[in-house]
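coords-v2.cif (mmCIF, C-alpha atoms; chains and numbers go by the auth columns) appears below.
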```
data_data
#
loop_
_atom_site.group_PDB
_atom_site.id
_atom_site.type_symbol
_atom_site.label_atom_id
_atom_site.label_comp_id
_atom_site.label_asym_id
_atom_site.label_seq_id
_atom_site.Cartn_x
_atom_site.Cartn_y
_atom_site.Cartn_z
_atom_site.B_iso_or_equiv
_atom_site.auth_seq_id
_atom_site.auth_asym_id
ATOM 1 C CA MET A 1 3.629 15.266 -4.137 0.00 21 A
ATOM 2 C CA GLU A 2 5.181 15.932 -0.760 0.00 22 A
ATOM 3 C CA ILE A 3 3.828 14.981 2.620 0.00 23 A
ATOM 4 C CA ARG A 4 4.617 17.457 5.363 0.00 24 A
ATOM 5 C CA LEU A 5 5.298 15.916 8.713 0.00 25 A
ATOM 6 C CA PRO A 6 5.645 18.083 11.827 0.00 26 A
ATOM 7 C CA SER A 7 8.485 17.447 14.254 0.00 27 A
ATOM 8 C CA PHE A 8 8.471 18.502 17.880 0.00 28 A
ATOM 9 C CA THR A 9 10.674 19.359 20.771 0.00 29 A
ATOM 10 C CA HIS A 10 11.055 16.613 23.368 0.00 30 A
ATOM 11 C CA ASN A 11 8.800 18.449 25.825 0.00 31 A
ATOM 12 C CA HIS A 12 5.819 18.256 23.501 0.00 32 A
ATOM 13 C CA VAL A 13 5.943 14.619 22.424 0.00 33 A
ATOM 14 C CA VAL A 14 3.628 13.214 25.128 0.00 34 A
ATOM 15 C CA LEU A 15 1.191 16.104 24.795 0.00 35 A
ATOM 16 C CA CYS A 16 0.997 15.665 21.043 0.00 36 A
ATOM 17 C CA VAL A 17 0.324 11.952 21.267 0.00 37 A
ATOM 18 C CA SER A 18 -2.490 12.643 23.708 0.00 38 A
ATOM 19 C CA ALA A 19 -3.957 15.258 21.406 0.00 39 A
ATOM 20 C CA VAL A 20 -4.461 12.725 18.650 0.00 40 A
ATOM 21 C CA PHE A 21 -6.753 10.575 20.760 0.00 41 A
ATOM 22 C CA VAL A 22 -8.628 13.492 22.290 0.00 42 A
ATOM 23 C CA PHE A 23 -9.442 15.309 19.081 0.00 43 A
ATOM 24 C CA ALA A 24 -9.597 12.536 16.504 0.00 44 A
ATOM 25 C CA GLY A 25 -13.100 11.326 17.349 0.00 45 A
ATOM 26 C CA VAL A 26 -12.799 8.352 14.984 0.00 46 A
ATOM 27 C CA SER A 27 -11.398 4.853 15.246 0.00 47 A
ATOM 28 C CA ALA A 28 -7.697 4.579 14.473 0.00 48 A
ATOM 29 C CA ILE A 29 -6.166 2.403 11.792 0.00 49 A
ATOM 30 C CA ASP A 30 -2.976 0.600 12.847 0.00 50 A
ATOM 31 C CA VAL A 31 -0.133 0.197 10.346 0.00 51 A
ATOM 32 C CA PHE A 32 2.815 -2.159 10.868 0.00 52 A
ATOM 33 C CA THR A 33 6.193 -2.475 9.125 0.00 53 A
ATOM 34 C CA PRO A 34 9.576 -3.963 10.068 0.00 54 A
ATOM 35 C CA GLY A 35 11.726 -1.406 11.842 0.00 55 A
ATOM 36 C CA GLU A 36 14.786 -2.046 9.677 0.00 56 A
ATOM 37 C CA VAL A 37 15.732 -4.187 6.683 0.00 57 A
ATOM 38 C CA PHE A 38 19.028 -4.912 4.949 0.00 58 A
ATOM 39 C CA VAL A 39 18.937 -5.351 1.160 0.00 59 A
ATOM 40 C CA GLU A 40 21.649 -6.560 -1.180 0.00 60 A
ATOM 41 C CA ASN A 41 22.616 -3.990 -3.797 0.00 61 A
ATOM 42 C CA GLY A 42 21.111 -4.768 -7.209 0.00 62 A
ATOM 43 C CA THR A 43 18.367 -7.088 -5.935 0.00 63 A
ATOM 44 C CA THR A 44 14.605 -6.681 -5.589 0.00 64 A
ATOM 45 C CA ALA A 45 13.361 -5.807 -2.117 0.00 65 A
ATOM 46 C CA THR A 46 9.891 -6.448 -0.743 0.00 66 A
ATOM 47 C CA LEU A 47 8.917 -3.764 1.746 0.00 67 A
ATOM 48 C CA SER A 48 6.271 -5.274 3.986 0.00 68 A
ATOM 49 C CA CYS A 49 3.334 -3.310 5.348 0.00 69 A
ATOM 50 C CA SER A 50 0.253 -4.695 7.092 0.00 70 A
ATOM 51 C CA PHE A 51 -2.604 -2.954 8.831 0.00 71 A
ATOM 52 C CA LYS A 52 -5.578 -3.422 11.132 0.00 72 A
ATOM 53 C CA SER A 53 -8.880 -1.653 10.528 0.00 73 A
ATOM 54 C CA ARG A 54 -12.237 -1.969 12.249 0.00 74 A
ATOM 55 C CA GLU A 55 -14.010 -1.177 9.000 0.00 75 A
ATOM 56 C CA VAL A 56 -14.673 -3.495 6.063 0.00 76 A
ATOM 57 C CA ILE A 57 -12.056 -2.926 3.365 0.00 77 A
ATOM 58 C CA SER A 58 -13.711 -0.590 0.856 0.00 78 A
ATOM 59 C CA SER A 59 -12.905 0.323 -2.740 0.00 79 A
ATOM 60 C CA SER A 60 -11.747 3.717 -1.505 0.00 80 A
ATOM 61 C CA ALA A 61 -9.087 2.224 0.757 0.00 81 A
ATOM 62 C CA SER A 62 -5.625 3.413 -0.202 0.00 82 A
ATOM 63 C CA VAL A 63 -1.942 2.851 0.503 0.00 83 A
ATOM 64 C CA THR A 64 0.679 5.580 0.111 0.00 84 A
ATOM 65 C CA TRP A 65 4.390 4.878 0.171 0.00 85 A
ATOM 66 C CA SER A 66 6.867 7.704 0.634 0.00 86 A
ATOM 67 C CA PHE A 67 10.629 8.059 0.962 0.00 87 A
ATOM 68 C CA LEU A 68 13.018 10.159 3.020 0.00 88 A
ATOM 69 C CA PRO A 69 16.630 9.951 1.741 0.00 89 A
ATOM 70 C CA GLU A 70 19.304 9.083 4.263 0.00 90 A
ATOM 71 C CA GLY A 71 20.832 12.121 5.913 0.00 91 A
ATOM 72 C CA GLU A 72 17.796 14.357 5.393 0.00 92 A
ATOM 73 C CA ALA A 73 16.133 13.623 8.736 0.00 93 A
ATOM 74 C CA GLY A 74 18.238 16.247 10.512 0.00 94 A
ATOM 75 C CA ALA A 75 18.844 15.391 14.134 0.00 95 A
ATOM 76 C CA PHE A 76 16.597 12.322 14.107 0.00 96 A
ATOM 77 C CA THR A 77 18.823 9.264 14.322 0.00 97 A
ATOM 78 C CA SER A 78 16.411 6.391 14.866 0.00 98 A
ATOM 79 C CA VAL A 79 13.269 4.966 13.349 0.00 99 A
ATOM 80 C CA ARG A 80 11.535 5.434 16.687 0.00 100 A
ATOM 81 C CA ALA A 81 12.271 9.174 16.559 0.00 101 A
ATOM 82 C CA VAL A 82 10.928 9.435 13.029 0.00 102 A
ATOM 83 C CA HIS A 83 7.736 7.679 14.156 0.00 103 A
ATOM 84 C CA VAL A 84 7.048 10.636 16.447 0.00 104 A
ATOM 85 C CA LEU A 85 7.012 12.940 13.442 0.00 105 A
ATOM 86 C CA SER A 86 3.875 11.313 12.091 0.00 106 A
ATOM 87 C CA VAL A 87 1.794 12.537 15.045 0.00 107 A
ATOM 88 C CA CYS A 88 -0.256 15.648 14.252 0.00 108 A
ATOM 89 C CA CYS A 89 -0.356 18.362 16.893 0.00 109 A
ATOM 90 C CA VAL A 90 -3.163 20.894 17.149 0.00 110 A
ATOM 91 C CA GLY A 91 -4.037 23.967 19.118 0.00 111 A
ATOM 92 C CA GLN A 92 -1.461 25.040 21.663 0.00 112 A
ATOM 93 C CA HIS A 93 1.194 22.465 20.809 0.00 113 A
ATOM 94 C CA VAL A 94 4.316 23.829 19.176 0.00 114 A
ATOM 95 C CA ILE A 95 5.553 22.707 15.765 0.00 115 A
ATOM 96 C CA SER A 96 9.265 23.400 15.466 0.00 116 A
ATOM 97 C CA THR A 97 10.409 22.073 12.076 0.00 117 A
ATOM 98 C CA CYS A 98 9.181 19.860 9.250 0.00 118 A
ATOM 99 C CA VAL A 99 10.662 17.172 7.049 0.00 119 A
ATOM 100 C CA SER A 100 9.417 16.343 3.572 0.00 120 A
ATOM 101 C CA LEU A 101 8.624 12.809 2.470 0.00 121 A
ATOM 102 C CA LEU A 102 8.644 12.144 -1.271 0.00 122 A
ATOM 103 C CA GLN A 103 5.671 10.106 -2.483 0.00 123 A
ATOM 104 C CA ILE A 104 6.901 7.196 -4.601 0.00 124 A
ATOM 105 C CA PHE A 105 3.775 5.035 -4.903 0.00 125 A
ATOM 106 C CA TYR A 106 0.000 5.184 -4.440 0.00 126 A
ATOM 107 C CA TYR A 107 -2.511 2.320 -4.607 0.00 127 A
ATOM 108 C CA THR A 108 -6.312 2.403 -4.510 0.00 128 A
ATOM 109 C CA ALA A 109 -9.277 0.581 -6.082 0.00 129 A
ATOM 110 C CA GLY A 110 -7.035 -2.074 -7.614 0.00 130 A
ATOM 111 C CA LYS A 111 -4.919 0.483 -9.459 0.00 131 A
ATOM 112 C CA GLN A 112 -1.357 1.541 -8.797 0.00 132 A
ATOM 113 C CA PHE A 113 0.050 4.984 -9.457 0.00 133 A
ATOM 114 C CA PRO A 114 3.804 5.622 -9.463 0.00 134 A
ATOM 115 C CA GLY A 115 5.131 8.766 -7.847 0.00 135 A
ATOM 116 C CA SER A 116 6.989 11.499 -9.674 0.00 136 A
ATOM 117 C CA VAL A 117 10.393 10.843 -8.080 0.00 137 A
ATOM 118 C CA PRO A 118 12.797 10.058 -10.972 0.00 138 A
ATOM 119 C CA GLN A 119 14.912 7.836 -8.734 0.00 139 A
ATOM 120 C CA PHE A 120 12.086 5.302 -8.440 0.00 140 A
ATOM 121 C CA LYS A 121 10.644 5.549 -11.952 0.00 141 A
ATOM 122 C CA SER A 122 9.438 2.101 -13.167 0.00 142 A
ATOM 123 C CA ARG A 123 11.026 0.464 -10.117 0.00 143 A
ATOM 124 C CA VAL A 124 8.125 0.228 -7.652 0.00 144 A
ATOM 125 C CA GLU A 125 5.283 -2.266 -7.993 0.00 145 A
ATOM 126 C CA TRP A 126 2.378 -3.503 -5.893 0.00 146 A
ATOM 127 C CA ALA A 127 2.989 -6.686 -3.883 0.00 147 A
ATOM 128 C CA GLY A 128 0.112 -6.565 -1.422 0.00 148 A
ATOM 129 C CA ASP A 129 -3.512 -7.659 -1.089 0.00 149 A
ATOM 130 C CA MET A 130 -5.925 -5.200 0.476 0.00 150 A
ATOM 131 C CA ASN A 131 -8.418 -7.965 1.315 0.00 151 A
ATOM 132 C CA LYS A 132 -5.688 -9.570 3.406 0.00 152 A
ATOM 133 C CA LYS A 133 -4.779 -6.183 4.896 0.00 153 A
ATOM 134 C CA ASP A 134 -1.421 -6.239 3.167 0.00 154 A
ATOM 135 C CA GLY A 135 -0.031 -3.029 1.659 0.00 155 A
ATOM 136 C CA SER A 136 3.430 -4.268 0.674 0.00 156 A
ATOM 137 C CA ILE A 137 5.423 -3.140 -2.352 0.00 157 A
ATOM 138 C CA ARG A 138 8.461 -4.347 -4.288 0.00 158 A
ATOM 139 C CA VAL A 139 11.348 -2.079 -5.242 0.00 159 A
ATOM 140 C CA ILE A 140 13.313 -3.403 -8.205 0.00 160 A
ATOM 141 C CA GLN A 141 17.089 -3.103 -8.584 0.00 161 A
ATOM 142 C CA MET A 142 17.837 -1.580 -5.197 0.00 162 A
ATOM 143 C CA GLN A 143 20.662 0.955 -5.255 0.00 163 A
ATOM 144 C CA PHE A 144 22.866 2.593 -2.646 0.00 164 A
ATOM 145 C CA LYS A 145 21.030 5.881 -3.163 0.00 165 A
ATOM 146 C CA ASP A 146 17.865 4.106 -1.955 0.00 166 A
ATOM 147 C CA ASN A 147 19.276 4.121 1.571 0.00 167 A
ATOM 148 C CA GLY A 148 16.845 5.974 3.789 0.00 168 A
ATOM 149 C CA THR A 149 13.456 5.741 5.444 0.00 169 A
ATOM 150 C CA PHE A 150 10.363 4.440 3.646 0.00 170 A
ATOM 151 C CA SER A 151 6.894 5.106 5.048 0.00 171 A
ATOM 152 C CA CYS A 152 3.628 3.215 4.580 0.00 172 A
ATOM 153 C CA ASP A 153 0.375 5.090 5.153 0.00 173 A
ATOM 154 C CA VAL A 154 -2.993 3.294 4.907 0.00 174 A
ATOM 155 C CA LYS A 155 -6.477 4.827 4.818 0.00 175 A
ATOM 156 C CA ASN A 156 -9.745 2.884 4.849 0.00 176 A
ATOM 157 C CA PRO A 157 -12.560 5.465 5.008 0.00 177 A
ATOM 158 C CA PRO A 158 -14.128 6.207 7.366 0.00 178 A
ATOM 159 C CA ASP A 159 -11.208 4.683 9.259 0.00 179 A
ATOM 160 C CA ILE A 160 -8.550 7.247 8.404 0.00 180 A
ATOM 161 C CA SER A 161 -7.055 8.260 11.734 0.00 181 A
ATOM 162 C CA GLY A 162 -3.731 6.734 12.642 0.00 182 A
ATOM 163 C CA GLN A 163 0.008 6.960 12.169 0.00 183 A
ATOM 164 C CA MET A 164 2.003 5.861 9.167 0.00 184 A
ATOM 165 C CA SER A 165 4.707 3.273 9.816 0.00 185 A
ATOM 166 C CA PHE A 166 8.376 3.488 8.844 0.00 186 A
ATOM 167 C CA ILE A 167 11.106 1.151 7.577 0.00 187 A
ATOM 168 C CA LYS A 168 14.770 2.028 7.741 0.00 188 A
ATOM 169 C CA VAL A 169 16.296 0.503 4.578 0.00 189 A
ATOM 170 C CA ARG A 170 20.004 -0.195 4.318 0.00 190 A
ATOM 171 C CA VAL A 171 21.351 -1.212 0.894 0.00 191 A
ATOM 172 C CA VAL A 172 24.672 -3.036 1.238 0.00 192 A
ATOM 173 C CA MET A 173 26.995 -5.369 -0.635 0.00 193 A
ATOM 174 C CA LYS A 174 26.296 -9.095 -0.325 0.00 194 A
ATOM 175 C CA GLU A 175 29.214 -9.707 2.019 0.00 195 A
ATOM 176 C CA ALA A 176 27.931 -7.011 4.379 0.00 196 A
ATOM 177 C CA LEU A 177 24.505 -8.601 4.791 0.00 197 A
ATOM 178 C CA PRO A 178 23.733 -9.831 8.320 0.00 198 A
ATOM 179 C CA GLN A 179 23.273 -13.566 8.657 0.00 199 A
ATOM 180 C CA THR A 180 19.877 -14.500 7.348 0.00 200 A
ATOM 181 C CA SER A 181 17.480 -16.596 9.374 0.00 201 A
ATOM 182 C CA ALA A 182 17.866 -19.376 6.792 0.00 202 A
ATOM 183 C CA ALA A 183 21.625 -19.533 7.362 0.00 203 A
ATOM 184 C CA VAL A 184 21.116 -19.549 11.114 0.00 204 A
ATOM 185 C CA ILE A 185 18.545 -22.349 10.844 0.00 205 A
ATOM 186 C CA VAL A 186 20.778 -24.474 8.585 0.00 206 A
ATOM 187 C CA GLY A 187 23.715 -23.972 10.935 0.00 207 A
ATOM 188 C CA GLY A 188 21.548 -24.886 13.901 0.00 208 A
ATOM 189 C CA VAL A 189 20.255 -28.032 12.211 0.00 209 A
ATOM 190 C CA ILE A 190 23.758 -29.167 11.263 0.00 210 A
ATOM 191 C CA GLY A 191 24.981 -28.503 14.803 0.00 211 A
ATOM 192 C CA ALA A 192 22.033 -30.429 16.261 0.00 212 A
ATOM 193 C CA VAL A 193 22.634 -33.416 13.951 0.00 213 A
ATOM 194 C CA ILE A 194 26.325 -33.531 14.868 0.00 214 A
ATOM 195 C CA GLY A 195 25.411 -33.290 18.546 0.00 215 A
ATOM 196 C CA ILE A 196 22.927 -36.166 18.244 0.00 216 A
ATOM 197 C CA ILE A 197 25.508 -38.330 16.457 0.00 217 A
ATOM 198 C CA ILE A 198 28.120 -37.668 19.158 0.00 218 A
ATOM 199 C CA ILE A 199 25.627 -38.465 21.929 0.00 219 A
ATOM 200 C CA ALA A 200 24.549 -41.652 20.122 0.00 220 A
ATOM 201 C CA VAL A 201 28.168 -42.815 19.687 0.00 221 A
ATOM 202 C CA VAL A 202 29.071 -42.088 23.316 0.00 222 A
ATOM 203 C CA THR A 203 25.914 -43.852 24.541 0.00 223 A
ATOM 204 C CA TYR A 204 26.681 -46.867 22.352 0.00 224 A
ATOM 205 C CA LEU A 205 30.249 -47.110 23.663 0.00 225 A
ATOM 206 C CA ILE A 206 29.053 -46.875 27.270 0.00 226 A
ATOM 207 C CA ILE A 207 26.466 -49.633 26.717 0.00 227 A
ATOM 208 C CA ARG A 208 29.031 -51.843 24.987 0.00 228 A
ATOM 209 C CA ARG A 209 31.496 -51.365 27.830 0.00 229 A
ATOM 210 C CA ARG A 210 28.864 -52.293 30.410 0.00 230 A
ATOM 211 C CA GLU A 211 27.873 -55.395 28.419 0.00 231 A
ATOM 212 C CA HIS A 212 31.473 -56.499 28.149 0.00 232 A
ATOM 213 C CA SER A 213 31.930 -55.911 31.867 0.00 233 A
ATOM 214 C CA HIS A 214 28.886 -58.089 32.701 0.00 234 A
ATOM 215 C CA VAL A 215 30.098 -60.857 30.362 0.00 235 A
ATOM 216 C CA TYR A 216 33.534 -60.788 31.945 0.00 236 A
ATOM 217 C CA GLU A 217 32.145 -60.972 35.477 0.00 237 A
ATOM 218 C CA GLY A 218 29.781 -63.806 34.503 0.00 238 A
ATOM 219 C CA GLY A 219 32.657 -65.777 33.045 0.00 239 A
ATOM 220 C CA ARG A 220 34.480 -65.588 36.332 0.00 240 A
#
```
Whole structure, structure tokens version:
Amino acid sequence: MEIRLPSFTHNHVVLCVSAVFVFAGVSAIDVFTPGEVFVENGTTATLSCSFKSREVISSSASVTWSFLPEGEAGAFTSVRAVHVLSVCCVGQHVISTCVSLLQIFYYTAGKQFPGSVPQFKSRVEWAGDMNKKDGSIRVIQMQFKDNGTFSCDVKNPPDISGQMSFIKVRVVMKEALPQTSAAVIVGGVIGAVIGIIIIAVVTYLIIRRREHSHVYEGGR
């Protein structure tokens, strides 16, 4: 199954965004994902997706994950630009081109349905909890060909209006991974401990010197 997303010329972006709110007539559901994630080749990646809905989570609520391979987004070079593509334009607004997202996973009513994309066969599994407004998935054995843009789209009828959210995924070798927050924290803790020790030693030496100075003066 393919999802058709319209893209627009720069002059129509603001008008299209406005059109959504004017013509929708229903409350919007908000979907959130990280803008970009780096994943080590050969490991399992958790693609996070959360959402906000004014409606009680129903059994008909659903989460759809899709994929756009790297290099197939044409002139769009950033996640922010791709976000614009998810806005539907109506009436007089011009649709210039379209990109196709490949559906790789669908979840509803406690059941998960894999997509028909051979690349992701038996590699995508549910990792979320709809009651906690979490629509995350896991992708097993990440590969370099998985580089691209993943989209998360959540519907919670009657709350179905809103934009899908996108994650730019970069699969790299271990040595090319950016420093993780854990490494930064450990380095910071070690640096802080060393700093405290140095300050303590210097303070001790200063106190000792002053004590010796007072003793010497008293002896005189």
Which residues, named as in the file, does the PyMOL selection byres ((chain A and resi 158-161) around 12) pick out? Answer as an mmCIF file with C-alpha atoms, in the frame of the given file.
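Written output follows (result_34.cif):
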```cif
data_model
loop_
_atom_site.group_PDB
_atom_site.id
_atom_site.type_symbol
_atom_site.label_atom_id
_atom_site.label_comp_id
_atom_site.auth_asym_id
_atom_site.auth_seq_id
_atom_site.Cartn_x
_atom_site.Cartn_y
_atom_site.Cartn_z
ATOM 1 C CA VAL A 59 18.937 -5.351 1.160
ATOM 2 C CA GLU A 60 21.649 -6.560 -1.180
ATOM 3 C CA ASN A 61 22.616 -3.990 -3.797
ATOM 4 C CA GLY A 62 21.111 -4.768 -7.209
ATOM 5 C CA THR A 63 18.367 -7.088 -5.935
ATOM 6 C CA THR A 64 14.605 -6.681 -5.589
ATOM 7 C CA ALA A 65 13.361 -5.807 -2.117
ATOM 8 C CA THR A 66 9.891 -6.448 -0.743
ATOM 9 C CA LEU A 67 8.917 -3.764 1.746
ATOM 10 C CA SER A 68 6.271 -5.274 3.986
ATOM 11 C CA CYS A 69 3.334 -3.310 5.348
ATOM 12 C CA TRP A 85 4.390 4.878 0.171
ATOM 13 C CA PHE A 87 10.629 8.059 0.962
ATOM 14 C CA ILE A 124 6.901 7.196 -4.601
ATOM 15 C CA PHE A 125 3.775 5.035 -4.903
ATOM 16 C CA PRO A 134 3.804 5.622 -9.463
ATOM 17 C CA GLN A 139 14.912 7.836 -8.734
ATOM 18 C CA PHE A 140 12.086 5.302 -8.440
ATOM 19 C CA LYS A 141 10.644 5.549 -11.952
ATOM 20 C CA SER A 142 9.438 2.101 -13.167
ATOM 21 C CA ARG A 143 11.026 0.464 -10.117
ATOM 22 C CA VAL A 144 8.125 0.228 -7.652
ATOM 23 C CA GLU A 145 5.283 -2.266 -7.993
ATOM 24 C CA TRP A 146 2.378 -3.503 -5.893
ATOM 25 C CA ALA A 147 2.989 -6.686 -3.883
ATOM 26 C CA GLY A 148 0.112 -6.565 -1.422
ATOM 27 C CA GLY A 155 -0.031 -3.029 1.659
ATOM 28 C CA SER A 156 3.430 -4.268 0.674
ATOM 29 C CA ILE A 157 5.423 -3.140 -2.352
ATOM 30 C CA MET A 162 17.837 -1.580 -5.197
ATOM 31 C CA GLN A 163 20.662 0.955 -5.255
ATOM 32 C CA PHE A 164 22.866 2.593 -2.646
ATOM 33 C CA LYS A 165 21.030 5.881 -3.163
ATOM 34 C CA ASP A 166 17.865 4.106 -1.955
ATOM 35 C CA PHE A 170 10.363 4.440 3.646
ATOM 36 C CA VAL A 189 16.296 0.503 4.578
ATOM 37 C CA VAL A 191 21.351 -1.212 0.894
#
```
- Message: List the spatial neighbours of Leu88 (chain A) as a list in words - criterion: any atom at most 6 Å away, only C-alpha atoms, same-chain residues fewer than 4 positions off excluded.
- Response: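 Once the nearby chain positions are removed, what remains is Leu121, Gly168 and Thr169 of chain A.
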- If the PyMOL selection byres ((chain A and resi 52) around 10) is run on the structure shown, which residues does it catch, given as a ChimeraX atom specification? /A:50-51,53-55,68-72,154-155,172-174,183-187
Handout entry: Explicit residue set for the PyMOL selection byres ((chain A and resi 129) around 10), as an MDAnalysis selection string
Key = chainID A and resid 78:82 127:128 130:132 150
What separates CA of Ile49 (chain A) and CA of Asn176 (chain A) is a distance of 7.8 Å
ask   = CA of Glu195 (chain A) to CA of Ser171 (chain A): how many Å, to one decimal?
value =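 Calculated distance between CA of Glu195 (chain A) and CA of Ser171 (chain A) is 27.0 Å.
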Centre and edge lengths, as JSON, for the axis-aligned box enclosing every listed atom of region 141-158 of chain A with 5 Å of padding on each of the six sides, in Å to one decimal?
```
{"center_x": 1.3, "center_y": -2.0, "center_z": -4.1, "size_x": 29.4, "size_y": 25.1, "size_z": 28.1}
```
Fewer than 6 positions away in the same chain doesn't count, so skip those; otherwise give me all residues within 12 Å of Glu75 (chain A), counting all atoms listed in the file, as a JSON list (two decimals) with C-alpha atoms, keeping the file's coordinate frame.
```json
[["chain", "number", "residue", "atom", "x", "y", "z"],
["A", 46, "VAL", "CA", -12.80, 8.35, 14.98],
["A", 47, "SER", "CA", -11.40, 4.85, 15.25],
["A", 48, "ALA", "CA", -7.70, 4.58, 14.47],
["A", 49, "ILE", "CA", -6.17, 2.40, 11.79],
["A", 50, "ASP", "CA", -2.98, 0.60, 12.85],
["A", 81, "ALA", "CA", -9.09, 2.22, 0.76],
["A", 151, "ASN", "CA", -8.42, -7.96, 1.32],
["A", 153, "LYS", "CA", -4.78, -6.18, 4.90],
["A", 175, "LYS", "CA", -6.48, 4.83, 4.82],
["A", 176, "ASN", "CA", -9.74, 2.88, 4.85],
["A", 177, "PRO", "CA", -12.56, 5.46, 5.01],
["A", 178, "PRO", "CA", -14.13, 6.21, 7.37],
["A", 179, "ASP", "CA", -11.21, 4.68, 9.26],
["A", 180, "ILE", "CA", -8.55, 7.25, 8.40]]
```
Atomic separation - CA of Lys194 (chain A) relative to CA of Glu56 (chain A), Å: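 Rounded to one decimal, the two atoms are 16.8 Å apart.
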